[in-house]
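Below: one structure, written as structure tokens.
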There are 2 protein chains.
Amino acid sequence: MSSPNNYTQGFSAAVLASHSSRTAQNSCAYLLLHLKPTDRILDVGCGPGSITVSLAAYVPEGQVIGVDSSKEVVEIANGQAQRPSNCSFAVGDVFKLPFPDGSFGVVHAHQVLLHLPDATRALGEMRRVCRVGGIVACREGDWESTIVHPGGPIIDQWKAIAEKVFRNAGSEPNGGRMLITWALKAGFAAEKIKFTMGSQTYAGQPAASWWGDSFAKRYSQGEWREKVLGQGLASSIEVDQIGGAWRDWAKDEAAIYSIACGEILCFN
Amino acid sequence: MSSPNNYTQGFSAAVLASHSSRTAQNSCAYLLLHLKPTDRILDVGCGPGSITVSLAAYVPEGQVIGVDSSKEVVEIANGQAQRPSNCSFAVGDVFKLPFPDGSFGVVHAHQVLLHLPDATRALGEMRRVCRVGGIVACREGDWESTIVHPGGPIIDQWKAIAEKVFRNAGSEPNGGRMLITWALKAGFAAEKIKFTMGSQTYAGQPAASWWGDSFAKRYSQGEWREKVLGQGLASSIEVDQIGGAWRDWAKDEAAIYSIACGEILCFN
């Protein structure tokens, strides 16, 4: 990311807990079959680094480097107790990656491009540091596809507000559907692009309880609440109602939250 | 289905070609790991039977029976050249399945419940013919989640019209998100329900070409066109424009169509 301040989600405890639940298995299964034990991987926008760490197990004779534009989150990533010796972290901007051309066999990003003002340029920079014959892999949510059941007017309002926060930051919330378009613009050949659709899904108990409480916290404290209020997207009463709606949702045994995630493998 | 006339999609050549592209691998992967070689499977609303036939390979010492309310489509299913000896078809109504209680180890339906006026009752009937300890498995699309890229106002109109066709038939187009709710109402215990989210996705060429042309055909000929015109949901000029929009979409190398599909395993 170009600057931590551009990142709409912020780094509150609730956001970090959500990010830290991500692993290579639950977030980049589409890539795993293509990894070789000797691969050198760059994980762009690595956040607290849970995906980066779990990718390291797939390249025991290789290496994984996670970069993030936020110095504070890179320190959290570096401090992970379970960090293997072939996994390291550094501060780095996706628009100006601190590596020479063709440095990596695999360049990966998870939920990064949709937060950026210029995803094509970022993808071009990821392509630059990927060697010829390597893979650039991205997985991005597609906001409009988000399913929340049970729903209702307050949840609808939440969805619209969240979209506005994305748009106000100049980013594209429907990143999932844009991946092939962006990849073609970044110079990848159509016949070397493989697209699949995954999802991030929380359904039933205890999954809904965990996820709903996480959203409720974003609306009761931290950067997300401040952003929504600061941009005049809702009143504090409305923001409290949204938090309440998520707390109610979290208790429902039939609750389903799901967002479709576009997955792309670009063979360079 | 209670009657072939209730089935909003009809059985035009374009619809049958789309249905016949479905296999156990691309449409019920969530179920395959749970099958035992000796299982007796009922495939409800089997249509032309391509899923039914491919399920048979997973139960070589068992049996698969496909039922559909349409006599004409059951004849097509029975006539398949590759039909194995442990796979058969019969006419049958999901609301009144022609089998005693507990007849099957696995009762499966793919894209059936969202076409019905009373999905809970259908699921209850599927449960009735499933033995205790068996599995009822369903995969249902969730219309609102549908992603079409590139989109635009004509595609938006198409999506709204298709939703109205569902609603006018008394069925629930957002079936994916309703699965846990329906299963609980049908008497399954919350702790014995496993929900995942899959997708039906066509992206890039040649997949988009095949899928877009299939949709274009539904709007240029056959039951779907007649239904939209007959219900006054669009003028023939608008229906032609929708067909044209799908033909244009089919040519785009960055085209993505995706619909999230809820997948449920109910352990009886």
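Following the order of the structure tokens, first chain is A, next is B, and so on, with residues numbered from 1 inside each chain and ligands from 1 in the order they appear.
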
Using only C-alpha atoms, determine which residues lie at most 10 Å from Gly92 in chain B, disregarding the query and same-chain residues fewer than 4 positions distant; provide the list as a compact mmCIF listing (two decimals) with N, CA, C and O atoms, in the first residue's frame.
```txt
# COMPACT_ATOMS: atom_id res chain seq x y z
N MET B 1 -39.48 -31.16 -8.43
CA MET B 1 -40.37 -30.03 -8.66
C MET B 1 -41.81 -30.52 -8.75
O MET B 1 -42.07 -31.61 -9.22
N SER B 2 -42.71 -29.66 -8.32
CA SER B 2 -44.09 -30.12 -8.21
C SER B 2 -44.72 -30.29 -9.59
O SER B 2 -45.59 -31.12 -9.76
N SER B 3 -44.29 -29.50 -10.53
CA SER B 3 -44.82 -29.60 -11.89
C SER B 3 -43.82 -28.97 -12.83
O SER B 3 -43.21 -27.96 -12.50
N VAL B 44 -32.39 -35.66 -6.51
CA VAL B 44 -33.71 -35.06 -6.68
C VAL B 44 -33.65 -33.88 -7.66
O VAL B 44 -32.78 -33.03 -7.55
N GLY B 45 -34.60 -33.81 -8.61
CA GLY B 45 -34.58 -32.73 -9.60
C GLY B 45 -33.38 -32.88 -10.51
O GLY B 45 -32.64 -31.94 -10.76
N GLY B 66 -32.01 -41.08 -10.10
CA GLY B 66 -32.35 -39.68 -10.35
C GLY B 66 -33.85 -39.55 -10.55
O GLY B 66 -34.45 -40.34 -11.28
N VAL B 67 -34.45 -38.56 -9.90
CA VAL B 67 -35.88 -38.30 -10.14
C VAL B 67 -36.08 -36.86 -10.59
O VAL B 67 -35.36 -35.95 -10.16
N ASP B 68 -37.05 -36.67 -11.46
CA ASP B 68 -37.42 -35.33 -11.90
C ASP B 68 -38.91 -35.34 -12.18
O ASP B 68 -39.48 -36.37 -12.56
N SER B 69 -39.54 -34.18 -12.00
CA SER B 69 -40.99 -34.12 -12.20
C SER B 69 -41.36 -34.11 -13.69
O SER B 69 -42.51 -34.38 -14.03
N SER B 70 -40.39 -33.83 -14.54
CA SER B 70 -40.67 -33.75 -15.97
C SER B 70 -40.42 -35.09 -16.66
O SER B 70 -39.29 -35.58 -16.71
N LYS B 71 -41.49 -35.68 -17.21
CA LYS B 71 -41.38 -36.96 -17.91
C LYS B 71 -40.42 -36.84 -19.09
O LYS B 71 -39.60 -37.73 -19.33
N VAL B 74 -36.79 -36.85 -17.95
CA VAL B 74 -36.40 -38.18 -17.44
C VAL B 74 -36.10 -39.12 -18.62
O VAL B 74 -35.16 -39.93 -18.56
N LYS B 96 -43.46 -35.22 -2.93
CA LYS B 96 -44.09 -36.52 -2.66
C LYS B 96 -43.22 -37.59 -3.31
O LYS B 96 -43.61 -38.20 -4.31
N LEU B 97 -42.04 -37.79 -2.75
CA LEU B 97 -41.08 -38.72 -3.35
C LEU B 97 -41.61 -40.15 -3.28
O LEU B 97 -42.10 -40.58 -2.23
N PRO B 98 -41.51 -40.90 -4.39
CA PRO B 98 -42.12 -42.24 -4.45
C PRO B 98 -41.24 -43.32 -3.80
O PRO B 98 -40.93 -44.33 -4.42
N PHE B 99 -40.82 -43.08 -2.53
CA PHE B 99 -39.96 -44.02 -1.82
C PHE B 99 -40.37 -44.06 -0.35
O PHE B 99 -40.82 -43.04 0.20
```

When the cut-off is 7 Å and we count only C-alpha atoms, which residues of chain A are near chain B, given as a tab-separated table (two decimals) with N, CA and C atoms, in the first residue's frame?
```tsv
chain	number	residue	atom	x	y	z
A	145	SER	N	-20.96	-8.48	-4.11
A	145	SER	CA	-21.46	-9.86	-3.98
A	145	SER	C	-21.71	-10.27	-2.53
A	146	THR	N	-21.37	-9.40	-1.59
A	146	THR	CA	-21.46	-9.78	-0.17
A	146	THR	C	-22.87	-10.22	0.22
A	147	ILE	N	-22.95	-11.37	0.84
A	147	ILE	CA	-24.22	-11.91	1.34
A	147	ILE	C	-24.21	-11.80	2.86
A	149	HIS	N	-26.96	-12.79	5.83
A	149	HIS	CA	-28.27	-13.35	6.18
A	149	HIS	C	-28.28	-13.72	7.65
A	177	ARG	N	-14.04	-8.98	-9.49
A	177	ARG	CA	-14.41	-9.06	-10.91
A	177	ARG	C	-13.44	-8.31	-11.82
A	180	ILE	N	-9.11	-9.90	-14.06
A	180	ILE	CA	-8.62	-10.18	-15.42
A	180	ILE	C	-8.36	-8.86	-16.15
A	181	THR	N	-9.29	-7.92	-16.00
A	181	THR	CA	-9.13	-6.61	-16.64
A	181	THR	C	-7.81	-5.96	-16.22
A	195	PHE	N	-8.36	-17.75	-13.91
A	195	PHE	CA	-9.22	-17.10	-12.93
A	195	PHE	C	-10.16	-18.11	-12.28
A	197	MET	N	-13.05	-18.45	-8.70
A	197	MET	CA	-13.76	-17.66	-7.70
A	197	MET	C	-13.83	-18.47	-6.41
A	198	GLY	N	-13.36	-17.90	-5.35
A	198	GLY	CA	-13.48	-18.50	-4.02
A	198	GLY	C	-14.42	-17.66	-3.18
A	199	SER	N	-14.43	-17.90	-1.89
A	199	SER	CA	-15.24	-17.05	-1.01
A	199	SER	C	-14.63	-17.01	0.37
A	201	THR	N	-16.21	-17.06	3.89
A	201	THR	CA	-17.55	-17.38	4.41
A	201	THR	C	-17.51	-17.70	5.90
A	203	ALA	N	-20.39	-19.08	8.61
A	203	ALA	CA	-21.77	-19.56	8.64
A	203	ALA	C	-22.03	-20.37	9.89
A	254	ALA	N	-28.62	-19.40	12.24
A	254	ALA	CA	-28.73	-19.57	10.77
A	254	ALA	C	-27.95	-18.48	10.02
A	256	ILE	N	-25.37	-16.34	7.96
A	256	ILE	CA	-24.38	-16.59	6.90
A	256	ILE	C	-23.82	-15.25	6.43
A	260	ALA	N	-17.72	-13.15	-2.22
A	260	ALA	CA	-17.00	-13.83	-3.31
A	260	ALA	C	-15.63	-13.18	-3.46
```

Gap from CA of Cys46 in chain A to CA of Gln80 in chain A - Å, one decimal: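 These two atoms are separated by 13.0 Å.
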
Nearby residues (only C-alpha atoms) at most 12 Å from Arg247 in chain B, same-chain spacing under 2 positions excluded, as a PyMOL selection string: chain B and resi 155+208-220+240-245+249-252+255

Selection: 10 Å around Leu35 in chain B, only C-alpha atoms, excl. self and same-chain fewer than 4 positions, as a PyMOL selection string: chain B and resi 31+39-41+55+58-59+105-106+135

Keeping all heavy atoms, export the residues of the selection given above as a JSON list (two decimals), in the first residue's frame.
```
[["chain", "number", "residue", "atom", "x", "y", "z"],
["B", 31, "LEU", "N", -19.72, -32.71, -1.51],
["B", 31, "LEU", "CA", -20.33, -33.96, -1.05],
["B", 31, "LEU", "C", -19.43, -35.18, -1.28],
["B", 31, "LEU", "O", -19.50, -36.17, -0.53],
["B", 31, "LEU", "CB", -21.66, -34.17, -1.80],
["B", 31, "LEU", "CG", -22.37, -35.52, -1.67],
["B", 31, "LEU", "CD1", -22.80, -35.77, -0.21],
["B", 31, "LEU", "CD2", -23.61, -35.57, -2.59],
["B", 39, "ASP", "N", -22.94, -46.64, -0.97],
["B", 39, "ASP", "CA", -24.08, -45.75, -0.74],
["B", 39, "ASP", "C", -25.17, -45.90, -1.81],
["B", 39, "ASP", "O", -24.89, -46.10, -2.99],
["B", 39, "ASP", "CB", -23.63, -44.27, -0.73],
["B", 39, "ASP", "CG", -23.18, -43.82, 0.65],
["B", 39, "ASP", "OD1", -23.64, -44.38, 1.66],
["B", 39, "ASP", "OD2", -22.35, -42.89, 0.71],
["B", 40, "ARG", "N", -26.42, -45.75, -1.34],
["B", 40, "ARG", "CA", -27.56, -45.64, -2.24],
["B", 40, "ARG", "C", -27.98, -44.17, -2.24],
["B", 40, "ARG", "O", -28.32, -43.61, -1.20],
["B", 40, "ARG", "CB", -28.69, -46.54, -1.72],
["B", 40, "ARG", "CG", -29.87, -46.66, -2.66],
["B", 40, "ARG", "CD", -30.76, -47.86, -2.28],
["B", 40, "ARG", "NE", -31.78, -48.07, -3.28],
["B", 40, "ARG", "CZ", -33.09, -47.80, -3.11],
["B", 40, "ARG", "NH1", -33.52, -47.32, -1.95],
["B", 40, "ARG", "NH2", -33.94, -47.99, -4.09],
["B", 41, "ILE", "N", -27.87, -43.54, -3.41],
["B", 41, "ILE", "CA", -28.08, -42.09, -3.52],
["B", 41, "ILE", "C", -29.37, -41.79, -4.28],
["B", 41, "ILE", "O", -29.65, -42.41, -5.30],
["B", 41, "ILE", "CB", -26.92, -41.42, -4.29],
["B", 41, "ILE", "CG1", -25.55, -41.75, -3.65],
["B", 41, "ILE", "CG2", -27.11, -39.90, -4.38],
["B", 41, "ILE", "CD1", -24.36, -41.19, -4.43],
["B", 55, "LEU", "N", -22.18, -39.23, -10.38],
["B", 55, "LEU", "CA", -22.19, -39.70, -8.98],
["B", 55, "LEU", "C", -22.05, -41.22, -8.91],
["B", 55, "LEU", "O", -21.47, -41.76, -7.96],
["B", 55, "LEU", "CB", -23.50, -39.28, -8.29],
["B", 55, "LEU", "CG", -23.58, -37.84, -7.76],
["B", 55, "LEU", "CD1", -24.99, -37.54, -7.27],
["B", 55, "LEU", "CD2", -22.56, -37.59, -6.64],
["B", 58, "TYR", "N", -18.84, -42.93, -7.98],
["B", 58, "TYR", "CA", -18.36, -42.86, -6.59],
["B", 58, "TYR", "C", -19.00, -43.93, -5.71],
["B", 58, "TYR", "O", -18.61, -44.11, -4.56],
["B", 58, "TYR", "CB", -18.64, -41.47, -6.00],
["B", 58, "TYR", "CG", -17.82, -40.40, -6.69],
["B", 58, "TYR", "CD1", -18.28, -39.78, -7.85],
["B", 58, "TYR", "CD2", -16.56, -40.05, -6.20],
["B", 58, "TYR", "CE1", -17.51, -38.82, -8.50],
["B", 58, "TYR", "CE2", -15.79, -39.10, -6.84],
["B", 58, "TYR", "CZ", -16.27, -38.48, -7.99],
["B", 58, "TYR", "OH", -15.51, -37.54, -8.63],
["B", 59, "VAL", "N", -20.03, -44.62, -6.22],
["B", 59, "VAL", "CA", -20.70, -45.66, -5.43],
["B", 59, "VAL", "C", -20.77, -46.95, -6.27],
["B", 59, "VAL", "O", -21.87, -47.46, -6.53],
["B", 59, "VAL", "CB", -22.10, -45.20, -4.97],
["B", 59, "VAL", "CG1", -21.96, -44.07, -3.96],
["B", 59, "VAL", "CG2", -22.97, -44.71, -6.14],
["B", 105, "GLY", "N", -29.09, -43.56, 1.70],
["B", 105, "GLY", "CA", -28.01, -43.08, 2.57],
["B", 105, "GLY", "C", -27.68, -41.62, 2.28],
["B", 105, "GLY", "O", -27.22, -40.89, 3.15],
["B", 106, "VAL", "N", -27.87, -41.21, 1.02],
["B", 106, "VAL", "CA", -27.59, -39.84, 0.61],
["B", 106, "VAL", "C", -28.74, -39.34, -0.27],
["B", 106, "VAL", "O", -29.13, -40.03, -1.22],
["B", 106, "VAL", "CB", -26.26, -39.75, -0.18],
["B", 106, "VAL", "CG1", -26.02, -38.33, -0.70],
["B", 106, "VAL", "CG2", -25.08, -40.22, 0.68],
["B", 135, "ILE", "N", -27.09, -38.57, 4.86],
["B", 135, "ILE", "CA", -26.80, -37.16, 4.55],
["B", 135, "ILE", "C", -27.80, -36.61, 3.54],
["B", 135, "ILE", "O", -28.06, -37.24, 2.51],
["B", 135, "ILE", "CB", -25.38, -37.03, 3.92],
["B", 135, "ILE", "CG1", -24.31, -37.50, 4.90],
["B", 135, "ILE", "CG2", -25.11, -35.58, 3.49],
["B", 135, "ILE", "CD1", -22.91, -37.54, 4.28]]
```

Separation of CA of Gly170 in chain B from CA of Leu229 in chain B in Å: 18.2 Å

Per-residue DSSP, range 41-264 of chain A, filtered to alpha helix (DSSP H), as a PyMOL selection string: chain A and resi 50-56+71-78+119-128+153-168+175-185+207-220+222-230+236-250

Long-range neighbours of Leu42 in chain B as an MDAnalysis selection string, 9 Å cut-off, only C-alpha atoms, 6 positions minimum in chain: chainID B and resid 52 63:67 103:109 126 129:130

Between CA of Glu163 in chain A and CA of Ala119 in chain A - distance in Å to one decimal: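 Going from CA of Ala119 in chain A over to CA of Glu163 in chain A covers 16.8 Å.
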